[in-house]
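Okay, so here's the structure we're looking at.
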Amino acid sequence: FAFGLFLLTFWNSQPGSEALVLIAAGIISFFSVNPYLLQLVDWRIFMIEEAEALLHSSKSMNKFLKTNLTVLLILIISSIQFGIMQAVIDTLSGVDMYFAILFDNASLMLAPICLGLYTNLSLQAVQILGAFPFLMMIFFSTTFSPGAGVDGLKNLRYLFSRYYLFCMTPSVDIMMEGCPESNNLLYLILSSLLIVFIFLTVIGGMALRSKLQKKKHSESKRQSMMTMEYAELQVELFGEKALKKLKHIGSNVDLKSLENSVRSKSMEDDGTSSDEPVTVSDETV
């Protein structure tokens with residue numbers, strides 16, 4: 001429906017309006033997919049609860065399949081966008097332009113996919129963080145005002161795929177500052193995947209940190225098990241069985257002396273019990 005209105009209202013667009021057509025079509029594509037992206041959080045919560053109830057269900061496999069389905073939806077919407085644009089203006093054609101539009105759309109939609117499926121963030125957090133690539137693109141890509149911006153800060157435009165897309169767009173490419181002379185599509189694809197690279201780096205760093213903390217906790221626990229106080233407590237609770245456990249974990253305490261103390265205590269207990277007078281109850285008499 002949205003692209004139908006776009007087709008009617010942008011029909012017979014004239015050369016020179018490519019940038020406006022491109023921006024309008026990109027906004028329609030973004031808001032066409034956005035409702036599906038926002039429900040990924042609810043789907044993830046429901047899927048995890050169901051997977052825990054049905055022990056045979058694989059959470060990782062379900063997330064992978066859902067990711068593929070979402071990427072397929074982005075591919076379909078981007079293909080429709082490219083086809084409609086060909087109908088309203090004939091200067092935005094070619095295979096390079098198709099892939100440029102596809103990856104430019106993906107650069108704005110990959111963040112909600114990563115955050116919605118592969119984190120435990122709430123819906124509100126995913127909405128806020130997932131919108132950051134779109135906002136940052138508006139502020140720093142310089143595509144809404146070519147050549148504008150504070151020196152130094154506007155160099156951030158090289159991080160956004162929209163900048164390289166506009167470097168490929170007729171009538172506006174001559175206004176873009178510092179466009180690469182070659183490999184423009186390659187830079188566009190790499191910049192569109194920047195969010196994924198950042199996400200994987202953060203997730204990998206958090207996993208490594210968690211692993212190191214677990215290792216440190218395990219080592220601290222192991223060190224506490226090497227002390228004499230721990231050994232005496234184990235012997236007090238479990239007797240000779242504790243000696244085998246202490247020997248198994250490689251305790252540094254004097255196990256021989258502990259064993260002798262356990263045996264002597266056991267002999268004392270046996271002697272005490274044998275010296276106790278036998279009382280005869282009145283019922284026995």
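Ligands are numbered from 1 in the order shown, residues from 1 within each chain, and chains are lettered A, B, ... in the order they appear in the structure tokens.
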Set the distance at 12 Å and use only C-alpha atoms: which residues neighbour Lys59 (chain A) once local chain neighbours fewer than 2 positions away are removed? I'd like the list as a list in words.
Trp43, Arg44, Ile45, Phe46, Met47, Ile48, Glu49, Glu50, Ala51, Glu52, Ala53, Leu54, Leu55, His56, Ser57, Met61, Asn62, Lys63, Phe64, Leu65, Lys66, Leu117 and Tyr118 of chain A
Output file for the selection above: N, CA and C atoms, as a PDB file, in the first residue's frame:
ATOM      1  N   TRP A  43       8.887 -12.116  20.449  1.00  0.00           N
ATOM      2  CA  TRP A  43       9.093 -13.466  19.913  1.00  0.00           C
ATOM      3  C   TRP A  43      10.219 -14.173  20.653  1.00  0.00           C
ATOM      4  N   ARG A  44      11.317 -13.452  20.936  1.00  0.00           N
ATOM      5  CA  ARG A  44      12.446 -14.058  21.646  1.00  0.00           C
ATOM      6  C   ARG A  44      12.052 -14.521  23.047  1.00  0.00           C
ATOM      7  N   ILE A  45      11.299 -13.687  23.774  1.00  0.00           N
ATOM      8  CA  ILE A  45      10.868 -14.055  25.126  1.00  0.00           C
ATOM      9  C   ILE A  45       9.952 -15.276  25.085  1.00  0.00           C
ATOM     10  N   PHE A  46       8.980 -15.258  24.176  1.00  0.00           N
ATOM     11  CA  PHE A  46       8.064 -16.386  24.046  1.00  0.00           C
ATOM     12  C   PHE A  46       8.796 -17.654  23.637  1.00  0.00           C
ATOM     13  N   MET A  47       9.731 -17.525  22.700  1.00  0.00           N
ATOM     14  CA  MET A  47      10.459 -18.697  22.203  1.00  0.00           C
ATOM     15  C   MET A  47      11.316 -19.309  23.300  1.00  0.00           C
ATOM     16  N   ILE A  48      11.978 -18.473  24.123  1.00  0.00           N
ATOM     17  CA  ILE A  48      12.821 -18.995  25.202  1.00  0.00           C
ATOM     18  C   ILE A  48      11.979 -19.727  26.234  1.00  0.00           C
ATOM     19  N   GLU A  49      10.827 -19.170  26.589  1.00  0.00           N
ATOM     20  CA  GLU A  49       9.944 -19.834  27.550  1.00  0.00           C
ATOM     21  C   GLU A  49       9.453 -21.166  27.002  1.00  0.00           C
ATOM     22  N   GLU A  50       9.107 -21.193  25.726  1.00  0.00           N
ATOM     23  CA  GLU A  50       8.642 -22.438  25.106  1.00  0.00           C
ATOM     24  C   GLU A  50       9.767 -23.457  25.002  1.00  0.00           C
ATOM     25  N   ALA A  51      10.984 -22.980  24.684  1.00  0.00           N
ATOM     26  CA  ALA A  51      12.119 -23.893  24.561  1.00  0.00           C
ATOM     27  C   ALA A  51      12.488 -24.502  25.899  1.00  0.00           C
ATOM     28  N   GLU A  52      12.337 -23.741  26.981  1.00  0.00           N
ATOM     29  CA  GLU A  52      12.632 -24.286  28.310  1.00  0.00           C
ATOM     30  C   GLU A  52      11.577 -25.285  28.748  1.00  0.00           C
ATOM     31  N   ALA A  53      10.345 -25.093  28.288  1.00  0.00           N
ATOM     32  CA  ALA A  53       9.291 -26.054  28.609  1.00  0.00           C
ATOM     33  C   ALA A  53       9.424 -27.322  27.771  1.00  0.00           C
ATOM     34  N   LEU A  54       9.770 -27.156  26.491  1.00  0.00           N
ATOM     35  CA  LEU A  54       9.990 -28.289  25.589  1.00  0.00           C
ATOM     36  C   LEU A  54      11.495 -28.482  25.456  1.00  0.00           C
ATOM     37  N   LEU A  55      12.047 -29.382  26.225  1.00  0.00           N
ATOM     38  CA  LEU A  55      13.496 -29.505  26.346  1.00  0.00           C
ATOM     39  C   LEU A  55      14.174 -29.859  25.032  1.00  0.00           C
ATOM     40  N   HIS A  56      13.416 -30.372  24.057  1.00  0.00           N
ATOM     41  CA  HIS A  56      14.032 -30.764  22.793  1.00  0.00           C
ATOM     42  C   HIS A  56      14.212 -29.579  21.848  1.00  0.00           C
ATOM     43  N   SER A  57      13.627 -28.430  22.182  1.00  0.00           N
ATOM     44  CA  SER A  57      13.694 -27.272  21.292  1.00  0.00           C
ATOM     45  C   SER A  57      15.034 -26.561  21.428  1.00  0.00           C
ATOM     46  N   MET A  61      19.067 -22.493  17.302  1.00  0.00           N
ATOM     47  CA  MET A  61      18.560 -22.776  15.955  1.00  0.00           C
ATOM     48  C   MET A  61      17.343 -21.917  15.624  1.00  0.00           C
ATOM     49  N   ASN A  62      16.455 -21.731  16.586  1.00  0.00           N
ATOM     50  CA  ASN A  62      15.280 -20.892  16.357  1.00  0.00           C
ATOM     51  C   ASN A  62      15.678 -19.450  16.060  1.00  0.00           C
ATOM     52  N   LYS A  63      16.662 -18.926  16.788  1.00  0.00           N
ATOM     53  CA  LYS A  63      17.130 -17.556  16.545  1.00  0.00           C
ATOM     54  C   LYS A  63      17.776 -17.440  15.170  1.00  0.00           C
ATOM     55  N   PHE A  64      18.531 -18.457  14.794  1.00  0.00           N
ATOM     56  CA  PHE A  64      19.180 -18.439  13.478  1.00  0.00           C
ATOM     57  C   PHE A  64      18.142 -18.439  12.357  1.00  0.00           C
ATOM     58  N   LEU A  65      17.107 -19.265  12.491  1.00  0.00           N
ATOM     59  CA  LEU A  65      16.061 -19.322  11.474  1.00  0.00           C
ATOM     60  C   LEU A  65      15.272 -18.009  11.415  1.00  0.00           C
ATOM     61  N   LYS A  66      15.027 -17.431  12.585  1.00  0.00           N
ATOM     62  CA  LYS A  66      14.316 -16.154  12.624  1.00  0.00           C
ATOM     63  C   LYS A  66      15.157 -15.041  11.982  1.00  0.00           C
ATOM     64  N   LEU A 117      17.181 -10.200  19.091  1.00  0.00           N
ATOM     65  CA  LEU A 117      17.269 -11.661  19.129  1.00  0.00           C
ATOM     66  C   LEU A 117      18.405 -12.181  20.004  1.00  0.00           C
ATOM     67  N   TYR A 118      19.527 -11.484  20.031  1.00  0.00           N
ATOM     68  CA  TYR A 118      20.725 -12.053  20.645  1.00  0.00           C
ATOM     69  C   TYR A 118      21.153 -11.340  21.935  1.00  0.00           C
TER      70      TYR A 118
END
Excluding region 81-89 of chain A and its own-chain neighbours fewer than 2 positions away, which residues fall within 10 Å of it when counting only C-alpha atoms? Please give them as an MDAnalysis selection string.
chainID A and resid 3:4 6:18 21:22 25:26 28:29 75:79 91:94 97:99 101:102
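When CA of Ala148 (chain A) is paired with CA of Leu188 (chain A), their separation reads 20.5 Å.
Nearest residue to Ser32 (chain A), choosing from A:Val95, A:Leu200, A:Leu153, A:Met109 and counting only C-alpha atoms: A:Met109.
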Extract, using only C-alpha atoms, all DNA, RNA and protein residues at most 10 Å from Asp173 (chain A), discarding same-chain residues fewer than 3 positions from it, and format them as a VMD selection string.
chain A and resid 19 143 146 163 to 170 176 to 177 179
Could you please determine the separation between CA of Ile189 (chain A) and CA of Asp96 (chain A) in Å, to one decimal place?
11.0 Å
I'd like to know which of A:Gln127, A:Asn105, A:Gln213, A:Ser171 is closest to Phe30 (chain A), using only C-alpha atoms.
A:Asn105
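The two atoms in question, CA of Ala100 (chain A) and CA of Ser191 (chain A), are spaced 11.1 Å apart.
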